[in-house]
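A.B. asks: start32.tsv is reproduced below (TSV, C-alpha atoms and all ligand atoms).
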```tsv
chain	number	residue	atom	x	y	z
B	3	GLU	CA	198.33	-45.64	88.02
B	4	ARG	CA	195.90	-42.93	89.06
B	5	LEU	CA	195.87	-40.86	85.86
B	6	PRO	CA	193.32	-43.01	83.94
B	7	ALA	CA	190.99	-42.88	86.97
B	8	LEU	CA	191.31	-39.09	87.09
B	9	LEU	CA	190.69	-38.78	83.34
B	10	ALA	CA	187.57	-40.93	83.61
B	11	ALA	CA	186.17	-39.29	86.73
B	12	MET	CA	186.74	-35.62	85.93
B	13	PRO	CA	183.64	-33.70	84.84
B	14	LYS	CA	183.96	-32.60	81.21
B	15	ALA	CA	182.11	-31.10	78.27
B	16	GLU	CA	181.97	-32.81	74.89
B	17	LEU	CA	181.92	-30.28	72.04
B	18	HIS	CA	182.62	-32.38	68.95
B	19	ILE	CA	180.35	-35.37	68.53
B	20	HIS	CA	178.33	-36.14	65.38
B	21	ILE	CA	175.20	-37.84	66.61
B	22	GLU	CA	175.08	-40.00	63.45
B	23	GLY	CA	178.61	-41.11	64.38
B	24	SER	CA	177.33	-42.50	67.69
B	25	LEU	CA	175.21	-45.08	65.88
B	26	GLU	CA	176.66	-48.43	66.98
B	27	PRO	CA	176.54	-51.35	64.52
B	28	GLU	CA	174.08	-53.18	66.77
B	29	MET	CA	171.69	-50.21	66.63
B	30	ILE	CA	172.18	-49.88	62.86
B	31	PHE	CA	170.99	-53.47	62.45
B	32	ALA	CA	168.17	-53.08	64.99
B	33	LEU	CA	166.86	-49.98	63.20
B	34	ALA	CA	167.29	-51.59	59.77
B	35	ARG	CA	165.08	-54.46	60.95
B	36	ARG	CA	162.54	-52.12	62.62
B	37	ASN	CA	162.28	-49.97	59.47
B	38	GLY	CA	162.64	-52.65	56.79
B	39	VAL	CA	165.80	-51.06	55.36
B	40	ASP	CA	168.19	-53.30	53.40
B	41	LEU	CA	171.87	-53.02	54.37
B	42	PRO	CA	174.76	-54.06	52.11
B	43	TYR	CA	176.29	-55.97	55.07
B	44	ALA	CA	175.26	-59.46	56.23
B	45	ASN	CA	175.59	-58.78	59.96
B	46	VAL	CA	177.18	-56.66	62.70
B	47	GLU	CA	180.55	-58.38	62.32
B	48	ALA	CA	180.66	-57.77	58.56
B	49	LEU	CA	179.81	-54.11	59.10
B	50	ARG	CA	182.51	-53.75	61.76
B	51	ARG	CA	185.03	-55.31	59.39
B	52	ALA	CA	184.31	-52.47	56.93
B	53	TYR	CA	185.55	-49.97	59.55
B	54	ALA	CA	189.09	-49.94	58.16
B	55	PHE	CA	189.55	-46.38	57.02
B	56	THR	CA	192.39	-44.83	55.05
B	57	ASP	CA	191.25	-41.20	55.08
B	58	LEU	CA	188.22	-39.00	55.82
B	59	GLN	CA	186.32	-39.90	52.62
B	60	SER	CA	186.65	-43.66	53.17
B	61	PHE	CA	184.96	-43.14	56.54
B	62	LEU	CA	182.26	-40.76	55.29
B	63	ASP	CA	181.07	-43.27	52.66
B	64	ILE	CA	180.31	-45.85	55.39
B	65	TYR	CA	179.00	-43.26	57.88
B	66	TYR	CA	176.38	-42.00	55.40
B	67	ALA	CA	175.39	-45.62	54.59
B	68	GLY	CA	174.91	-46.32	58.32
B	69	ALA	CA	172.68	-43.26	58.73
B	70	SER	CA	170.29	-44.62	56.06
B	71	VAL	CA	168.43	-46.66	58.72
B	72	LEU	CA	167.17	-43.50	60.46
B	73	LEU	CA	163.61	-42.76	59.35
B	74	LYS	CA	161.28	-42.03	62.29
B	75	GLU	CA	161.38	-39.50	65.10
B	76	GLN	CA	161.80	-42.39	67.54
B	77	ASP	CA	164.96	-43.51	65.67
B	78	PHE	CA	166.59	-40.11	66.20
B	79	TYR	CA	165.41	-40.12	69.82
B	80	ASP	CA	166.81	-43.59	70.48
B	81	MET	CA	170.17	-42.73	68.87
B	82	ALA	CA	170.64	-39.52	70.86
B	83	SER	CA	169.38	-41.08	74.10
B	84	ALA	CA	171.92	-43.90	73.78
B	85	TYR	CA	174.73	-41.40	73.20
B	86	LEU	CA	173.71	-39.22	76.15
B	87	ALA	CA	173.47	-42.20	78.51
B	88	ARG	CA	176.94	-43.32	77.36
B	89	ALA	CA	178.36	-39.80	77.70
B	90	ALA	CA	176.97	-39.49	81.24
B	91	MET	CA	178.89	-42.68	82.15
B	92	ASP	CA	182.04	-40.84	81.03
B	93	ASN	CA	181.18	-37.93	83.35
B	94	VAL	CA	180.23	-35.63	80.49
B	95	VAL	CA	178.07	-32.96	82.16
B	96	HIS	CA	177.49	-30.90	79.00
B	97	ALA	CA	177.38	-31.91	75.32
B	98	GLU	CA	177.07	-29.84	72.15
B	99	ILE	CA	175.94	-32.30	69.52
B	100	PHE	CA	176.27	-31.98	65.74
B	101	PHE	CA	173.56	-33.32	63.48
B	102	ASP	CA	173.63	-33.47	59.67
B	103	PRO	CA	170.07	-32.71	58.46
B	104	GLN	CA	170.97	-32.99	54.77
B	105	THR	CA	171.93	-36.66	55.23
B	106	HIS	CA	168.30	-37.27	56.16
B	107	THR	CA	166.32	-34.74	54.12
B	108	ALA	CA	168.06	-36.06	50.97
B	109	ARG	CA	166.36	-39.42	51.75
B	110	GLY	CA	162.94	-37.82	52.19
B	111	VAL	CA	163.02	-37.59	56.00
B	112	ALA	CA	161.52	-34.27	57.14
B	113	ILE	CA	163.82	-31.98	59.12
B	114	ASP	CA	160.99	-31.77	61.70
B	115	THR	CA	161.37	-35.51	62.36
B	116	VAL	CA	165.12	-35.15	62.85
B	117	ILE	CA	165.06	-32.12	65.14
B	118	GLN	CA	162.06	-33.20	67.22
B	119	GLY	CA	163.57	-36.62	67.95
B	120	LEU	CA	167.00	-35.26	68.85
B	121	HIS	CA	165.61	-32.41	70.92
B	122	ARG	CA	163.29	-34.67	72.90
B	123	ALA	CA	166.30	-36.84	73.78
B	124	CYS	CA	168.19	-33.74	75.02
B	125	VAL	CA	165.23	-32.65	77.19
B	126	ASP	CA	164.78	-36.12	78.69
B	127	ALA	CA	168.53	-36.50	79.33
B	128	ARG	CA	168.56	-33.33	81.39
B	129	ALA	CA	165.70	-34.61	83.53
B	130	GLU	CA	166.85	-38.22	83.81
B	131	LEU	CA	170.68	-37.98	83.72
B	132	GLY	CA	171.33	-34.39	84.82
B	133	ILE	CA	173.36	-33.80	81.64
B	134	SER	CA	172.86	-30.60	79.65
B	135	ALA	CA	172.80	-31.03	75.89
B	136	SER	CA	172.43	-28.67	72.94
B	137	LEU	CA	172.26	-29.23	69.20
B	138	ILE	CA	174.41	-27.72	66.42
B	139	LEU	CA	173.09	-28.00	62.86
B	140	SER	CA	175.97	-28.90	60.55
B	141	PHE	CA	175.99	-28.20	56.82
B	142	LEU	CA	177.54	-30.77	54.48
B	143	ARG	CA	180.35	-28.99	52.64
B	144	HIS	CA	180.41	-31.41	49.68
B	145	LEU	CA	176.95	-30.03	48.80
B	146	SER	CA	176.31	-26.53	47.45
B	147	GLU	CA	175.82	-23.33	49.41
B	148	GLU	CA	172.36	-23.17	47.83
B	149	ASP	CA	171.54	-26.54	49.42
B	150	ALA	CA	172.79	-25.19	52.78
B	151	PHE	CA	170.50	-22.15	52.39
B	152	ALA	CA	167.54	-24.44	51.66
B	153	THR	CA	168.36	-26.47	54.77
B	154	LEU	CA	168.57	-23.33	56.90
B	155	GLU	CA	165.17	-22.27	55.54
B	156	GLN	CA	163.66	-25.64	56.56
B	157	ALA	CA	165.21	-25.31	60.02
B	158	LEU	CA	163.93	-21.78	60.72
B	159	PRO	CA	160.74	-22.93	62.53
B	160	TRP	CA	163.01	-24.90	64.90
B	161	MET	CA	165.52	-22.12	65.64
B	162	ASP	CA	164.93	-22.39	69.40
B	163	LYS	CA	166.02	-26.06	69.31
B	164	PHE	CA	169.62	-25.58	68.10
B	165	ILE	CA	172.26	-23.14	69.29
B	166	GLY	CA	174.48	-22.87	66.25
B	167	VAL	CA	175.69	-24.14	62.91
B	168	GLY	CA	178.76	-26.08	61.82
B	169	LEU	CA	180.41	-27.27	58.62
B	170	ASP	CA	181.46	-30.88	58.10
B	171	SER	CA	181.94	-33.69	55.54
B	172	SER	CA	184.64	-33.84	52.83
B	173	GLU	CA	187.11	-31.06	53.59
B	174	LEU	CA	189.61	-31.07	50.69
B	175	GLY	CA	188.26	-29.13	47.70
B	176	HIS	CA	185.50	-27.53	49.79
B	177	PRO	CA	187.07	-24.48	51.48
B	178	PRO	CA	185.13	-22.39	54.01
B	179	GLU	CA	184.76	-19.53	51.49
B	180	LYS	CA	182.20	-21.66	49.63
B	181	PHE	CA	179.78	-21.01	52.55
B	182	ALA	CA	180.49	-17.31	53.23
B	183	ARG	CA	176.92	-16.09	52.55
B	184	VAL	CA	175.02	-18.76	54.43
B	185	PHE	CA	177.26	-18.38	57.48
B	186	ALA	CA	176.76	-14.59	57.37
B	187	ARG	CA	173.01	-15.19	57.42
B	188	CYS	CA	173.35	-17.61	60.35
B	189	ARG	CA	175.33	-15.00	62.31
B	190	GLU	CA	172.61	-12.41	61.59
B	191	LEU	CA	170.10	-14.87	63.03
B	192	GLY	CA	172.12	-14.93	66.26
B	193	LEU	CA	173.40	-18.48	65.87
B	194	HIS	CA	176.81	-19.58	67.08
B	195	VAL	CA	179.12	-20.61	64.25
B	196	VAL	CA	181.83	-23.29	64.21
B	197	ALA	CA	183.52	-25.13	61.35
B	198	HIS	CA	185.61	-28.22	60.73
B	199	ALA	CA	188.94	-26.97	59.39
B	200	GLY	CA	192.49	-28.28	59.32
B	201	GLU	CA	191.53	-31.93	59.83
B	202	GLU	CA	193.00	-33.00	56.48
B	203	GLY	CA	192.91	-29.53	54.92
B	204	PRO	CA	195.66	-26.89	55.01
B	205	PRO	CA	196.09	-24.00	57.48
B	206	ALA	CA	194.53	-21.74	54.78
B	207	TYR	CA	191.17	-23.43	55.51
B	208	ILE	CA	191.51	-22.48	59.21
B	209	TRP	CA	192.27	-18.87	58.23
B	210	GLY	CA	189.18	-18.98	55.99
B	211	ALA	CA	187.00	-20.38	58.77
B	212	LEU	CA	188.14	-17.54	61.07
B	213	ASP	CA	188.21	-14.60	58.64
B	214	VAL	CA	185.33	-15.46	56.30
B	215	LEU	CA	182.96	-17.61	58.38
B	216	LYS	CA	183.92	-15.90	61.68
B	217	ALA	CA	184.00	-19.32	63.34
B	218	GLU	CA	184.03	-19.11	67.15
B	219	ARG	CA	185.63	-22.57	67.44
B	220	ILE	CA	187.59	-24.72	65.02
B	221	ASP	CA	186.70	-28.40	64.85
B	222	HIS	CA	189.92	-30.47	64.64
B	223	GLY	CA	192.35	-27.68	63.60
B	224	VAL	CA	195.35	-29.95	64.13
B	225	GLN	CA	196.99	-28.77	60.88
B	226	ALA	CA	197.44	-25.32	62.49
B	227	VAL	CA	200.85	-26.41	63.81
B	228	HIS	CA	202.24	-25.93	60.30
B	229	ASP	CA	201.60	-22.15	60.44
B	230	ALA	CA	203.28	-20.17	63.24
B	231	ALA	CA	201.26	-16.99	62.61
B	232	LEU	CA	198.04	-18.98	62.78
B	233	MET	CA	199.12	-20.59	66.06
B	234	ARG	CA	199.72	-17.12	67.53
B	235	ARG	CA	196.30	-15.95	66.30
B	236	LEU	CA	194.49	-18.96	67.81
B	237	ALA	CA	196.29	-18.49	71.13
B	238	GLU	CA	195.81	-14.70	71.33
B	239	GLU	CA	192.10	-14.82	70.43
B	240	ARG	CA	191.54	-17.94	72.53
B	241	ILE	CA	189.82	-19.70	69.63
B	242	PRO	CA	189.17	-23.24	70.89
B	243	LEU	CA	190.13	-26.33	68.91
B	244	THR	CA	187.92	-29.39	69.36
B	245	VAL	CA	190.52	-32.12	68.90
B	246	CYS	CA	189.54	-35.77	68.34
B	247	PRO	CA	192.58	-38.02	68.81
B	248	LEU	CA	191.07	-41.45	68.05
B	249	SER	CA	189.37	-39.99	64.95
B	250	ASN	CA	192.71	-38.59	63.77
B	251	LEU	CA	194.33	-41.98	64.37
B	252	LYS	CA	191.63	-44.00	62.54
B	253	LEU	CA	191.51	-41.56	59.60
B	254	CYS	CA	195.32	-41.66	59.31
B	255	VAL	CA	195.81	-37.95	60.08
B	256	PHE	CA	198.58	-39.14	62.44
B	257	PRO	CA	200.40	-42.49	62.15
B	258	SER	CA	199.98	-43.20	65.88
B	259	LEU	CA	198.58	-41.57	69.02
B	260	ALA	CA	202.18	-41.15	70.17
B	261	ALA	CA	202.68	-38.88	67.13
B	262	HIS	CA	199.61	-36.72	67.90
B	263	ASN	CA	200.27	-33.00	68.32
B	264	LEU	CA	197.93	-32.41	71.28
B	265	PRO	CA	200.93	-31.71	73.57
B	266	ALA	CA	202.24	-29.09	71.09
B	267	LEU	CA	198.83	-27.41	70.89
B	268	LEU	CA	198.62	-27.17	74.70
B	269	GLU	CA	202.25	-26.05	74.98
B	270	ALA	CA	201.49	-23.19	72.55
B	271	GLY	CA	198.72	-22.03	74.90
B	272	LEU	CA	195.81	-22.98	72.64
B	273	VAL	CA	192.38	-23.72	74.11
B	274	ALA	CA	192.48	-27.36	72.95
B	275	THR	CA	189.81	-29.85	74.01
B	276	VAL	CA	189.47	-33.64	73.66
B	277	ASN	CA	186.38	-35.10	71.98
B	278	SER	CA	185.13	-38.29	70.33
B	279	ASP	CA	183.89	-37.12	66.86
B	280	ASP	CA	182.25	-40.40	65.74
B	281	PRO	CA	182.74	-42.78	68.66
B	282	ALA	CA	180.87	-45.77	67.19
B	283	TYR	CA	183.22	-45.76	64.19
B	284	PHE	CA	186.54	-44.78	65.78
B	285	GLY	CA	186.64	-47.21	68.69
B	286	GLY	CA	185.97	-45.08	71.72
B	287	TYR	CA	183.88	-42.50	73.54
B	288	ILE	CA	185.39	-39.43	75.18
B	289	ASN	CA	187.07	-41.17	78.12
B	290	ALA	CA	188.72	-43.68	75.78
B	291	ASN	CA	190.06	-40.69	73.82
B	292	PHE	CA	191.52	-39.19	77.00
B	293	ILE	CA	192.90	-42.43	78.43
B	294	GLN	CA	194.47	-43.78	75.23
B	295	THR	CA	195.96	-40.39	74.29
B	296	PHE	CA	197.50	-39.86	77.74
B	297	ALA	CA	198.82	-43.45	77.73
B	298	ALA	CA	200.51	-42.90	74.36
B	299	LEU	CA	201.93	-39.49	75.32
B	300	PRO	CA	203.53	-39.73	78.78
B	301	ILE	CA	204.47	-36.03	78.56
B	302	LEU	CA	200.78	-35.37	79.36
B	303	THR	CA	200.17	-35.18	83.11
B	304	ALA	CA	197.35	-34.54	85.59
B	305	ARG	CA	197.95	-30.82	85.06
B	306	HIS	CA	197.13	-31.25	81.34
B	307	ALA	CA	194.06	-33.30	82.23
B	308	TRP	CA	192.76	-30.47	84.39
B	309	GLN	CA	193.60	-27.95	81.65
B	310	LEU	CA	191.68	-29.93	79.02
B	311	ALA	CA	188.60	-30.28	81.23
B	312	HIS	CA	188.76	-26.58	82.06
B	313	ASN	CA	189.17	-25.73	78.36
B	314	SER	CA	186.09	-27.81	77.49
B	315	PHE	CA	183.93	-25.62	79.73
B	316	GLU	CA	185.55	-22.36	78.58
B	317	ALA	CA	185.06	-23.39	74.94
B	318	SER	CA	181.41	-24.36	75.41
B	319	PHE	CA	178.45	-22.17	74.50
B	320	ALA	CA	176.82	-22.78	77.89
B	321	PRO	CA	175.79	-19.73	79.92
B	322	GLN	CA	178.66	-18.08	81.89
B	323	ALA	CA	177.15	-19.02	85.25
B	324	GLU	CA	177.03	-22.72	84.36
B	325	LYS	CA	180.58	-22.66	82.98
B	326	ARG	CA	181.84	-21.19	86.25
B	327	ALA	CA	179.98	-23.78	88.30
B	328	TRP	CA	181.50	-26.63	86.24
B	329	GLY	CA	185.04	-25.25	86.53
T	1	LIG	N1	181.32	-35.91	59.69
T	1	LIG	C1	181.37	-36.78	60.70
T	1	LIG	N2	182.62	-36.87	61.17
T	1	LIG	C2	183.37	-36.01	60.44
T	1	LIG	C3	184.74	-35.63	60.44
T	1	LIG	N3	185.63	-36.17	61.29
T	1	LIG	N4	185.15	-34.74	59.54
T	1	LIG	C4	184.30	-34.21	58.67
T	1	LIG	N5	183.01	-34.51	58.62
T	1	LIG	C5	182.55	-35.41	59.51
T	2	ZN	ZN	183.79	-34.01	63.22
```
Any chance you could give the structure as structure tokens?
Ligand code: ADE
Ligand code: ZN
C.D. replies:
Amino acid sequence: ERLPALLAAMPKAELHIHIEGSLEPEMIFALARRNGVDLPYANVEALRRAYAFTDLQSFLDIYYAGASVLLKEQDFYDMASAYLARAAMDNVVHAEIFFDPQTHTARGVAIDTVIQGLHRACVDARAELGISASLILSFLRHLSEEDAFATLEQALPWMDKFIGVGLDSSELGHPPEKFARVFARCRELGLHVVAHAGEEGPPAYIWGALDVLKAERIDHGVQAVHDAALMRRLAEERIPLTVCPLSNLKLCVFPSLAAHNLPALLEAGLVATVNSDDPAYFGGYINANFIQTFAALPILTARHAWQLAHNSFEASFAPQAEKRAWG
């Protein structure tokens, strides 16, 4: 079977990866030891056993606990360097990486520490691995808009080190409209804007992300299939969806990969892409997402593989010239 080899070998961009979600259990324990942080798990195996999620919130609780071991600039550097080395093995040539500053500043870690460590990893990865990487600052939607504004204020001195802002964390009960003003300010500052919407939340949250936040891409967006007018809008305006199949499976958004709606999204002409979301927690990096999804959905062919890789470059915020060179 040549399809898995093609999926693995094709150059691709990864546009939906939370760097804190790339923290493998082994690195969580190594950093806990290095920093003298106590973990409520006896060992790597016990932590892995806790990765049995029933929905988004059950995952987020463990994901935020895992991130508590990150204290020093070197910790952020080591985490991002490990992800970028792993992504390069999957033939990722460009990555746009979310980071959640509020998860760290709430614990007393300075935003400078976070951004400097992550940015240094991106610079070194370009030199050492030939991979281009950019950062997207993501606001936690379970916190207030005021808290998001304070975070933006802290990030202003580092504006040249991230290309845009996103919106993540607990979706239900936290609609995009809650962040209308802070996203307007980010757009005025010339930042790209994206938002998680329609992962667990209704199509109305995708409409809100488009109309109120003016999101240029929708992260997940798989609930759009329940709204025909929304599907037409996404197709006509070529608004990309950054789909994460293994995440959707592990967070019970779909009962199986065979039931995933990626084929329907592509059939409707949407600019869908495949991404890993939180690979250390969901059991696979980007190539595992491609290979397992194509294996479960035999309707997907080499033509779809090419389309998804092409979409990943079109959907990226890389300069036009680079996008064309990648395909
Ligand atoms: N933060 C990290 N992963 C996330 C996801 N899949 N949805 C919302 N927030 C997240
Ligand atoms: Zn995500």
A.B. asks: Give me, as a Markdown table, each residue of chain B that comes within 7 Å of ligand ZN 2 (chain T), together with its shortest interatomic pair and the distance in Å at one decimal, counting only C-alpha atoms and all ligand atoms, with rows ordered by chain and rising residue number.
C.D. replies:
```
| residue | atom | partner | partner_atom | distance |
| --- | --- | --- | --- | --- |
| B:His18 | CA | T:ZN2 | ZN | 6.1 |
| B:Ile19 | CA | T:ZN2 | ZN | 6.5 |
| B:His20 | CA | T:ZN2 | ZN | 6.2 |
| B:Asp170 | CA | T:ZN2 | ZN | 6.4 |
| B:His198 | CA | T:ZN2 | ZN | 6.6 |
| B:Asp221 | CA | T:ZN2 | ZN | 6.5 |
| B:Asp279 | CA | T:ZN2 | ZN | 4.8 |
```
A.B. asks: Please identify all protein, DNA and RNA residues within 10 Å of ligand LIG 1 (chain T), counting all atoms listed in the file, and report them as a PyMOL selection string.
C.D. replies: chain B and resi 18-24+57-59+61-62+65-66+100-102+140-144+168-173+197-202+221-222+245-246+249-250+252-253+278-281+283-284
A.B. asks: Selected residues, C-alpha atoms, written as a compact mmCIF listing (two decimals), keeping the file's coordinate frame, please.
C.D. replies:
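Contents of selection-v6.txt, as written:
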```
# COMPACT_ATOMS: atom_id res chain seq x y z
CA HIS B 18 182.62 -32.38 68.95
CA ILE B 19 180.35 -35.37 68.53
CA HIS B 20 178.33 -36.14 65.38
CA ILE B 21 175.20 -37.84 66.61
CA GLU B 22 175.08 -40.00 63.45
CA GLY B 23 178.61 -41.11 64.38
CA SER B 24 177.33 -42.50 67.69
CA ASP B 57 191.25 -41.20 55.08
CA LEU B 58 188.22 -39.00 55.82
CA GLN B 59 186.32 -39.90 52.62
CA PHE B 61 184.96 -43.14 56.54
CA LEU B 62 182.26 -40.76 55.29
CA TYR B 65 179.00 -43.26 57.88
CA TYR B 66 176.38 -42.00 55.40
CA PHE B 100 176.27 -31.98 65.74
CA PHE B 101 173.56 -33.32 63.48
CA ASP B 102 173.63 -33.47 59.67
CA SER B 140 175.97 -28.90 60.55
CA PHE B 141 175.99 -28.20 56.82
CA LEU B 142 177.54 -30.77 54.48
CA ARG B 143 180.35 -28.99 52.64
CA HIS B 144 180.41 -31.41 49.68
CA GLY B 168 178.76 -26.08 61.82
CA LEU B 169 180.41 -27.27 58.62
CA ASP B 170 181.46 -30.88 58.10
CA SER B 171 181.94 -33.69 55.54
CA SER B 172 184.64 -33.84 52.83
CA GLU B 173 187.11 -31.06 53.59
CA ALA B 197 183.52 -25.13 61.35
CA HIS B 198 185.61 -28.22 60.73
CA ALA B 199 188.94 -26.97 59.39
CA GLY B 200 192.49 -28.28 59.32
CA GLU B 201 191.53 -31.93 59.83
CA GLU B 202 193.00 -33.00 56.48
CA ASP B 221 186.70 -28.40 64.85
CA HIS B 222 189.92 -30.47 64.64
CA VAL B 245 190.52 -32.12 68.90
CA CYS B 246 189.54 -35.77 68.34
CA SER B 249 189.37 -39.99 64.95
CA ASN B 250 192.71 -38.59 63.77
CA LYS B 252 191.63 -44.00 62.54
CA LEU B 253 191.51 -41.56 59.60
CA SER B 278 185.13 -38.29 70.33
CA ASP B 279 183.89 -37.12 66.86
CA ASP B 280 182.25 -40.40 65.74
CA PRO B 281 182.74 -42.78 68.66
CA TYR B 283 183.22 -45.76 64.19
CA PHE B 284 186.54 -44.78 65.78
```
A.B. asks: List the spatial neighbours of region 111-123 of chain B as a PyMOL selection string - criterion: any atom at most 8 Å away, all atoms listed in the file, same-chain residues fewer than 3 positions off excluded.
C.D. replies: chain B and resi 73-80+82-83+103+106-108+126-127+137+156-157+160+163
A.B. asks: Write the residues you've just listed into a file as a JSON list (two decimals), in the coordinates of the input, and include C-alpha atoms for each of them.
C.D. replies:
```
[["chain", "number", "residue", "atom", "x", "y", "z"],
["B", 73, "LEU", "CA", 163.61, -42.76, 59.35],
["B", 74, "LYS", "CA", 161.28, -42.03, 62.29],
["B", 75, "GLU", "CA", 161.38, -39.50, 65.10],
["B", 76, "GLN", "CA", 161.80, -42.39, 67.54],
["B", 77, "ASP", "CA", 164.96, -43.51, 65.67],
["B", 78, "PHE", "CA", 166.59, -40.11, 66.20],
["B", 79, "TYR", "CA", 165.41, -40.12, 69.82],
["B", 80, "ASP", "CA", 166.81, -43.59, 70.48],
["B", 82, "ALA", "CA", 170.64, -39.52, 70.86],
["B", 83, "SER", "CA", 169.38, -41.08, 74.10],
["B", 103, "PRO", "CA", 170.07, -32.71, 58.46],
["B", 106, "HIS", "CA", 168.30, -37.27, 56.16],
["B", 107, "THR", "CA", 166.32, -34.74, 54.12],
["B", 108, "ALA", "CA", 168.06, -36.06, 50.97],
["B", 126, "ASP", "CA", 164.78, -36.12, 78.69],
["B", 127, "ALA", "CA", 168.53, -36.50, 79.33],
["B", 137, "LEU", "CA", 172.26, -29.23, 69.20],
["B", 156, "GLN", "CA", 163.66, -25.64, 56.56],
["B", 157, "ALA", "CA", 165.21, -25.31, 60.02],
["B", 160, "TRP", "CA", 163.01, -24.90, 64.90],
["B", 163, "LYS", "CA", 166.02, -26.06, 69.31]]
```
A.B. asks: With only C-alpha atoms as the basis for distance, which of B:Leu145, B:Val95, B:Leu158, B:Leu272 is at the shortest distance from Ala327 (chain B)?
C.D. replies: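 Ranked by minimum distance to Ala327 (chain B), first place goes to B:Val95.
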A.B. asks: Of the residues B:Glu179, B:Glu269, B:Glu316, B:Asp149, which is the one nearest to Glu218 (chain B), using all atoms listed in the file?
C.D. replies: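 Among B:Glu179, B:Glu269, B:Glu316, B:Asp149, it is B:Glu316 that comes nearest to Glu218 (chain B).
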A.B. asks: Separation of CA of Ala7 (chain B) and CA of Ala297 (chain B), in Å?
C.D. replies: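 Going from CA of Ala7 (chain B) over to CA of Ala297 (chain B), I get 12.1 Å.
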A.B. asks: May I ask for the distance between CA of Val125 (chain B) and CA of Asn291 (chain B), given in Å to one decimal place?
C.D. replies: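 About the pair CA of Val125 (chain B) and CA of Asn291 (chain B): they are 26.3 Å apart.
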A.B. asks: Calculated over only C-alpha atoms, which of the candidates B:Leu9, B:Ala182, B:Met81, B:Ile208 has the smallest distance to Ala304 (chain B)?
C.D. replies: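 Closest to Ala304 (chain B) of all the choices is B:Leu9.
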A.B. asks: What separation in Å, quoted to one decimal, exists between CA of Leu191 (chain B) and CA of Phe151 (chain B)?
C.D. replies: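 If I compute the distance from CA of Leu191 (chain B) to CA of Phe151 (chain B), I get 12.9 Å.
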A.B. asks: Could you check which of B:Leu264, B:Ala282, B:Cys254, B:Val195 is closest to Leu25 (chain B), using all atoms listed in the file?
C.D. replies: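 When distances to Leu25 (chain B) are compared using all atoms listed in the file, the smallest one comes from B:Ala282.
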A.B. asks: Find the residues around region 307-309 of chain B up to 9 Å (all atoms listed in the file counted), leave out those fewer than 3 positions away in its own chain, and share them as a list in words.
C.D. replies: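 After dropping sequence-adjacent residues, the list is Leu5, Leu8, Leu9, Met12, Leu268, Val273, Ala274, Thr275, Phe292, Phe296, Leu302, Thr303, Ala304, His312, Asn313 and Ser314 of chain B.
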A.B. asks: With distances taken over all atoms listed in the file, which residue among B:Ser70, B:Leu41, B:Glu26, B:Leu33 lies nearest Ala84 (chain B)?
C.D. replies: B:Glu26
A.B. asks: May I ask which of the residues B:Lys14, B:Lys325, B:Arg189, B:His194 is the closest one to Ala90 (chain B), counting all atoms listed in the file?
C.D. replies: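 Of the candidates, the smallest distance to Ala90 (chain B) is held by B:Lys14.
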A.B. asks: Quick one: 8 Å padding each side, axis-aligned, all listed atoms of region 119-126 of chain B - centre and edge lengths in Å to one decimal, as JSON?
C.D. replies:
```
{"center_x": 165.7, "center_y": -34.6, "center_z": 73.3, "size_x": 20.9, "size_y": 20.4, "size_z": 26.7}
```
A.B. asks: List the neighbours of Ala52 (chain B) out to 9 Å using only C-alpha atoms; skip same-chain residues closer than 4 positions along the sequence, and give me the result as a PDB file with C-alpha atoms, in the coordinates of the input.
C.D. replies:
```pdb
ATOM      1  CA  TYR B  43     176.290 -55.970  55.070  1.00  0.00           C
ATOM      2  CA  GLU B  47     180.550 -58.380  62.320  1.00  0.00           C
ATOM      3  CA  ALA B  48     180.660 -57.770  58.560  1.00  0.00           C
ATOM      4  CA  ILE B  64     180.310 -45.850  55.390  1.00  0.00           C
TER       5      ILE B  64
END
```
A.B. asks: Tell me which protein, DNA and RNA residues are within 9 Å of Ala89 (chain B), counting only C-alpha atoms, leaving out same-chain ones fewer than 5 positions away, and put them as a PyMOL selection string.
C.D. replies: chain B and resi 16+84+94-95+97+133+287-289
A.B. asks: Since the input lacks some atoms of region 239-245 of chain B, please model N, CA and C atoms and print them as a short mmCIF file (atom, residue, chain, number, x, y, z; two decimals), in the coordinates of the input.
C.D. replies:
```cif
data_model
loop_
_atom_site.label_atom_id
_atom_site.label_comp_id
_atom_site.auth_asym_id
_atom_site.auth_seq_id
_atom_site.Cartn_x
_atom_site.Cartn_y
_atom_site.Cartn_z
N GLU B 239 193.57 -15.02 70.44
CA GLU B 239 192.10 -14.82 70.43
C GLU B 239 191.37 -15.90 71.20
N ARG B 240 192.13 -16.83 71.77
CA ARG B 240 191.54 -17.94 72.53
C ARG B 240 190.42 -18.63 71.75
N ILE B 241 190.74 -18.93 70.48
CA ILE B 241 189.82 -19.70 69.63
C ILE B 241 190.01 -21.18 69.98
N PRO B 242 188.99 -21.83 70.51
CA PRO B 242 189.17 -23.24 70.89
C PRO B 242 189.31 -24.17 69.68
N LEU B 243 190.06 -25.23 69.87
CA LEU B 243 190.13 -26.33 68.91
C LEU B 243 189.47 -27.55 69.55
N THR B 244 188.52 -28.16 68.85
CA THR B 244 187.92 -29.39 69.36
C THR B 244 188.64 -30.57 68.71
N VAL B 245 189.64 -31.08 69.41
CA VAL B 245 190.52 -32.12 68.90
C VAL B 245 189.93 -33.50 69.18
#
```
